[in-house]
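A.B. asks: One structure, pasted below without further comment.
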Amino acid sequence: FRATRAGRGLAVIGFALGMLSKEQAIVTPLLLGLADALGIASDPPRGARAWLVRYAPYALVLAAYAAARNAAVPDALAPSIALFAAPAGPLLSLLYDVQTTFAPFAQVVYEPNVAVWGSWPRLGLALAAAGALMLVAARVDARRTLWLLAFVGLSLAPTANLLVQEPGFAERWGFAALAGWAGMLALALSKRSLSPRVRQIAFALLAIPLAALAWTSRSRGDTYRDNDAFLAQWLRTNPASAQAWISTGEAHERRGEFGEAVAAYRRVLALDADVPLAHASLAIALAAQDKLAEAQVHAERAVALDPRDAESWSNLGGIRARRGDAAGAIAHYQRALALRPTLASAHNNLALALRQRGDTAGARAHLEAALAASPQFAEAHANLGSLLAALGDRAGAEAHLTRALTLDPELQPARDALVRLTATQGRQ
């Protein structure tokens with residue numbers, strides 16, 4: 001807001017760094033433009049040319065960011081509008097922010113839906129506190145209060161359910177908006193609004209809610225001591241959260257507790273039978289228990305619900321391969337790679353299927369593609385090493401098998417293949 005070239009240049013740099021930190025920063029030019037329109041900046045632009053000169057750098061940053069984002073995440077889906085299907089979404093997001101700012105929960109309530117966070121007494125108290133703060137701030141400086149309100153609203157906009165988003169409500173969406181509320185508090189406590197004595201009393205009284213908030217933050221920290229504690233708290237406060245049950249199932253899978261994982265995924269499907277990720281995850285857990293027929297049913301349901309999910313097609317291919325359907329497996333791997341050409345696991349699995357059919361050239365090409373997409377893929381190194389050994393390329397085989405064991409010392413197929421290769425060399 002200061003009329004210096006250095007200040008304006010630093011603002012553009014700050015905006016670029018903000019975009020690289022969190023895409024919510026995309027609203028910054030709108031906030032600055034509103035400040036210029038309201039005359040809050042020290043020298044607002046006069047005329048169309050002055051506006052263009054001031055905001056062209058921000059447009060260039062956005063264009064460069066969009067190009068970089070597209071290059072880094074080429075498969076990212078375009079955002080879709082949520083407002084038409086749920087027009088109350090933005091209003092609910094604003095009410096949620098007011099409630100969690102002025103009357104926060106003492107415990108962690110992670111990504112709650114309206115049924116979990118909606119509380120008329122709590123919301124009424126929060127709205128009363130927010131309204132009182134806005135009125136006092138507006139008496140001091142109406143224009144700055146209006147801008148700070150816009151700061152709250154615009155900073156929430158990217159996550160205000162205008163677009164389809166995975167969690168509808170989350171406390172972290174409101175972190176940036178806290179600056180707007182803090183600005184209004186600063187105006188309300190400024191020298192222009194209160195006498196020195198009243199200001200001293202006000203600051204002393206503020207110590208009480210600040211201490212309560214500090215205690216709340218400290219007590220909440222226990223929830224984050226490990227993943228199990230966090231998931232238990234999530235399910236305690238929202239047992240109808242499909243994502244919480246999916247995450248719980250994934251935690252069980254990582255520990256090899258496939259029975260518990262299956263139970264968690266079934267809880268998701270009891271809540272909503274059409275969650276693609278739950279079907280896909282359940283298929284993987286069932287396959288780990290060698291329940292291949294049931295696993296295939298859920299894998300097929302997953303791709304029917306979300307036919308653009310490359311990993312689900314690849315997993316379905318793996319299940320069909322284990323059931324002896326090589327042709328079906330190959331077709332599913334190819335479908336996965338058509339959707340995502342860089343899916344290393346699909347390349348690796350397709351290579352194994354092709355090698356079983358005697359297509360060593362195709363198998364080698366897909367293993368090399370797997371490693372190009374994921375150079376740290378130990379299993380692909382092991383499979384390529386084994387294939388090269390069969391083709392007589394001992395140096396290449398040894399290099400890939402050694403690399404596989406460096407990445408995963410417990411990978412027994414790589415160890416066995418390297419032992420066989422060494423034994424063959426010893427006999428020769």
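Every chain in the structure tokens has a letter given in the order shown (A, B, ...), and although residue numbers restart at 1 in each chain, ligands are simply numbered from 1 in the order shown.
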At most 12 Å is the cut-off: for each residue in region 123-174 of chain A with any atom that close to an atom of region 23-30 of chain A, write down the nearest atom pair and the distance in Å rounded to one decimal, counting only C-alpha atoms, chain first then increasing number, as JSON lines.
C.D. replies:
```
{"residue": "A:Trp147", "atom": "CA", "partner": "A:Leu30", "partner_atom": "CA", "distance": 10.9}
{"residue": "A:Ala150", "atom": "CA", "partner": "A:Leu30", "partner_atom": "CA", "distance": 9.6}
{"residue": "A:Phe151", "atom": "CA", "partner": "A:Val27", "partner_atom": "CA", "distance": 9.0}
{"residue": "A:Val152", "atom": "CA", "partner": "A:Val27", "partner_atom": "CA", "distance": 10.9}
{"residue": "A:Gly153", "atom": "CA", "partner": "A:Val27", "partner_atom": "CA", "distance": 10.1}
{"residue": "A:Leu154", "atom": "CA", "partner": "A:Val27", "partner_atom": "CA", "distance": 6.3}
{"residue": "A:Ser155", "atom": "CA", "partner": "A:Val27", "partner_atom": "CA", "distance": 6.4}
{"residue": "A:Leu156", "atom": "CA", "partner": "A:Gln24", "partner_atom": "CA", "distance": 8.0}
{"residue": "A:Ala157", "atom": "CA", "partner": "A:Val27", "partner_atom": "CA", "distance": 8.1}
{"residue": "A:Pro158", "atom": "CA", "partner": "A:Gln24", "partner_atom": "CA", "distance": 5.9}
{"residue": "A:Thr159", "atom": "CA", "partner": "A:Gln24", "partner_atom": "CA", "distance": 7.8}
{"residue": "A:Ala160", "atom": "CA", "partner": "A:Gln24", "partner_atom": "CA", "distance": 10.8}
{"residue": "A:Arg172", "atom": "CA", "partner": "A:Gln24", "partner_atom": "CA", "distance": 11.1}
{"residue": "A:Trp173", "atom": "CA", "partner": "A:Gln24", "partner_atom": "CA", "distance": 8.7}
{"residue": "A:Gly174", "atom": "CA", "partner": "A:Gln24", "partner_atom": "CA", "distance": 10.4}
```
A.B. asks: Compile a residue-level contact table for region 79-150 of chain A against region 38-43 of chain A at a cut-off of 9 Å, reporting for every qualifying residue the shortest atom pair and its distance in Å to one decimal, with only C-alpha atoms counted, rows ordered by chain and ascending number, as CSV.
C.D. replies:
```
residue,atom,partner,partner_atom,distance
A:Arg143,CA,A:Leu38,CA,6.7
A:Arg144,CA,A:Ile40,CA,7.1
A:Leu146,CA,A:Leu38,CA,9.0
A:Trp147,CA,A:Leu38,CA,7.8
```
A.B. asks: For the selection just defined, write its residues with C-alpha atoms to a file, as a short mmCIF file (atom, residue, chain, number, x, y, z; two decimals), in the first residue's frame.
C.D. replies:
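Written file, out_6.cif:
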```
data_model
loop_
_atom_site.label_atom_id
_atom_site.label_comp_id
_atom_site.auth_asym_id
_atom_site.auth_seq_id
_atom_site.Cartn_x
_atom_site.Cartn_y
_atom_site.Cartn_z
CA ARG A 143 -13.59 1.85 4.82
CA ARG A 144 -10.89 -0.22 6.44
CA LEU A 146 -15.21 -2.97 4.86
CA TRP A 147 -11.88 -3.98 3.35
#
```
A.B. asks: Excluding Ala202 (chain A) and residues on its chain fewer than 6 positions from it, collect all residues at most 10 Å away from it, counting only C-alpha atoms, and give them as a ChimeraX atom specification.
C.D. replies: /A:189,194,196
A.B. asks: List every residue of region 36-97 of chain A that has an atom at most 10 Å from any atom of region 123-140 of chain A, and for each one report the closest atom pair and its distance in Å to one decimal, counting only C-alpha atoms, with rows sorted by chain and then by increasing residue number, as a Markdown table.
C.D. replies:
```
| residue | atom | partner | partner_atom | distance |
| --- | --- | --- | --- | --- |
| A:Leu95 | CA | A:Leu123 | CA | 7.5 |
| A:Tyr96 | CA | A:Leu123 | CA | 8.2 |
| A:Asp97 | CA | A:Ala126 | CA | 9.6 |
```
A.B. asks: Would you mind exporting C-alpha atoms of the selected residues as a PDB file, in the first residue's frame?
C.D. replies:
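As a result, part-v9.pdb now contains:
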```
ATOM      1  CA  LEU A  95     -20.745 -19.382   9.155  1.00  0.00           C
ATOM      2  CA  TYR A  96     -18.326 -22.220   9.901  1.00  0.00           C
ATOM      3  CA  ASP A  97     -15.406 -19.785   9.812  1.00  0.00           C
TER       4      ASP A  97
END
```
A.B. asks: Give me the residues near Val61 (chain A) as a list in words, where near means some atom within 10 Å (using only C-alpha atoms) and where sequence neighbours in that chain fewer than 2 positions away do not count.
C.D. replies: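 Once the adjacent positions are removed, what remains is Val12, Ile13, Phe15, Ala16, Leu17, Met19, Ala56, Pro57, Tyr58, Ala59, Ala63, Ala64, Tyr65, Ala66 and Ala67 of chain A.
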A.B. asks: Based on the selection just made, write N, CA, C and O atoms of those residues as a JSON list (two decimals), in the first residue's frame.
C.D. replies:
```json
[["chain", "number", "residue", "atom", "x", "y", "z"],
["A", 12, "VAL", "N", 4.76, -7.96, -5.42],
["A", 12, "VAL", "CA", 4.61, -8.92, -6.52],
["A", 12, "VAL", "C", 5.40, -10.20, -6.20],
["A", 12, "VAL", "O", 4.92, -11.32, -6.42],
["A", 13, "ILE", "N", 6.62, -10.02, -5.68],
["A", 13, "ILE", "CA", 7.43, -11.18, -5.31],
["A", 13, "ILE", "C", 6.74, -11.98, -4.21],
["A", 13, "ILE", "O", 6.68, -13.21, -4.23],
["A", 15, "PHE", "N", 3.58, -12.15, -3.67],
["A", 15, "PHE", "CA", 2.44, -12.85, -4.27],
["A", 15, "PHE", "C", 2.91, -14.13, -4.97],
["A", 15, "PHE", "O", 2.28, -15.18, -4.83],
["A", 16, "ALA", "N", 4.02, -14.05, -5.69],
["A", 16, "ALA", "CA", 4.54, -15.24, -6.37],
["A", 16, "ALA", "C", 4.91, -16.32, -5.36],
["A", 16, "ALA", "O", 4.57, -17.51, -5.53],
["A", 17, "LEU", "N", 5.57, -15.94, -4.27],
["A", 17, "LEU", "CA", 5.93, -16.91, -3.24],
["A", 17, "LEU", "C", 4.68, -17.47, -2.56],
["A", 17, "LEU", "O", 4.62, -18.65, -2.20],
["A", 19, "MET", "N", 1.74, -17.93, -3.97],
["A", 19, "MET", "CA", 1.14, -18.91, -4.86],
["A", 19, "MET", "C", 1.87, -20.24, -4.79],
["A", 19, "MET", "O", 1.26, -21.31, -4.89],
["A", 56, "ALA", "N", -0.63, -5.51, -14.10],
["A", 56, "ALA", "CA", -0.08, -6.41, -15.13],
["A", 56, "ALA", "C", 0.94, -7.39, -14.54],
["A", 56, "ALA", "O", 0.94, -8.57, -14.91],
["A", 57, "PRO", "N", 1.82, -6.97, -13.62],
["A", 57, "PRO", "CA", 2.77, -7.94, -13.04],
["A", 57, "PRO", "C", 2.08, -9.11, -12.34],
["A", 57, "PRO", "O", 2.56, -10.25, -12.39],
["A", 58, "TYR", "N", 0.95, -8.84, -11.69],
["A", 58, "TYR", "CA", 0.22, -9.92, -11.01],
["A", 58, "TYR", "C", -0.36, -10.89, -12.03],
["A", 58, "TYR", "O", -0.37, -12.12, -11.82],
["A", 59, "ALA", "N", -0.84, -10.34, -13.16],
["A", 59, "ALA", "CA", -1.36, -11.20, -14.23],
["A", 59, "ALA", "C", -0.25, -12.09, -14.80],
["A", 59, "ALA", "O", -0.46, -13.26, -15.09],
["A", 63, "ALA", "N", -0.08, -16.17, -14.86],
["A", 63, "ALA", "CA", 0.13, -16.93, -16.10],
["A", 63, "ALA", "C", 1.31, -17.88, -15.95],
["A", 63, "ALA", "O", 1.24, -19.05, -16.38],
["A", 64, "ALA", "N", 2.41, -17.40, -15.36],
["A", 64, "ALA", "CA", 3.58, -18.26, -15.16],
["A", 64, "ALA", "C", 3.26, -19.40, -14.21],
["A", 64, "ALA", "O", 3.68, -20.55, -14.42],
["A", 65, "TYR", "N", 2.50, -19.10, -13.16],
["A", 65, "TYR", "CA", 2.14, -20.15, -12.21],
["A", 65, "TYR", "C", 1.26, -21.21, -12.88],
["A", 65, "TYR", "O", 1.45, -22.41, -12.67],
["A", 66, "ALA", "N", 0.29, -20.76, -13.68],
["A", 66, "ALA", "CA", -0.59, -21.71, -14.35],
["A", 66, "ALA", "C", 0.22, -22.63, -15.27],
["A", 66, "ALA", "O", -0.04, -23.84, -15.34],
["A", 67, "ALA", "N", 1.20, -22.07, -15.98],
["A", 67, "ALA", "CA", 2.03, -22.89, -16.86],
["A", 67, "ALA", "C", 2.85, -23.89, -16.06],
["A", 67, "ALA", "O", 2.97, -25.07, -16.42]]
```
A.B. asks: For region 266-278 of chain A, find every residue with an atom within 9 Å (counting only C-alpha atoms), except residues of its own chain fewer than 3 positions away, and show them as a count of residues only.
C.D. replies: 22
A.B. asks: Quick check for you: according to DSSP on this backbone, which residues of region 162-356 of chain A are classed as alpha helix (DSSP H)? Reply as a VMD selection string.
C.D. replies: chain A and resid 177 to 188 196 to 220 227 to 237 242 to 254 258 to 271 276 to 288 292 to 305 310 to 322 326 to 339 344 to 356
A.B. asks: Pick from A:Leu185, A:Ala115, A:Leu94, A:Ala103: nearest to Pro239 (chain A), with only C-alpha atoms counted?
C.D. replies: A:Ala115
A.B. asks: Measuring between only C-alpha atoms, which one of A:Ala50, A:Tyr333, A:Leu60, A:Ala35 shows the shortest distance to Leu148 (chain A)?
C.D. replies: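 Checking each candidate against Leu148 (chain A), we get A:Ala35 as the closest.
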A.B. asks: Please, what distance in Å, to one decimal, runs between CA of Leu149 (chain A) and CA of Ala188 (chain A)?
C.D. replies: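 Rounded to one decimal, the two atoms are 13.7 Å apart.
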A.B. asks: With only C-alpha atoms as the basis for distance, which of A:Pro44, A:Leu162, A:Gly18, A:Pro74 is at the shortest distance from Ala176 (chain A)?
C.D. replies: A:Gly18
A.B. asks: Could you work out how far CA of Leu83 (chain A) lies from CA of Gln165 (chain A), giving the answer in Å with one decimal?
C.D. replies: 11.3 Å
A.B. asks: Grab the CA of Ala327 (chain A) to CA of His279 (chain A) distance for me, in Å with one decimal place.
C.D. replies: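 Atom-to-atom, CA of Ala327 (chain A) to CA of His279 (chain A), that is 23.0 Å.
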A.B. asks: Between A:Val198, A:Ala326, A:Ala389, A:Ala336, which is the closest to Thr360 (chain A) once you count only C-alpha atoms?
C.D. replies: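 Closest to Thr360 (chain A) of all the choices is A:Ala389.
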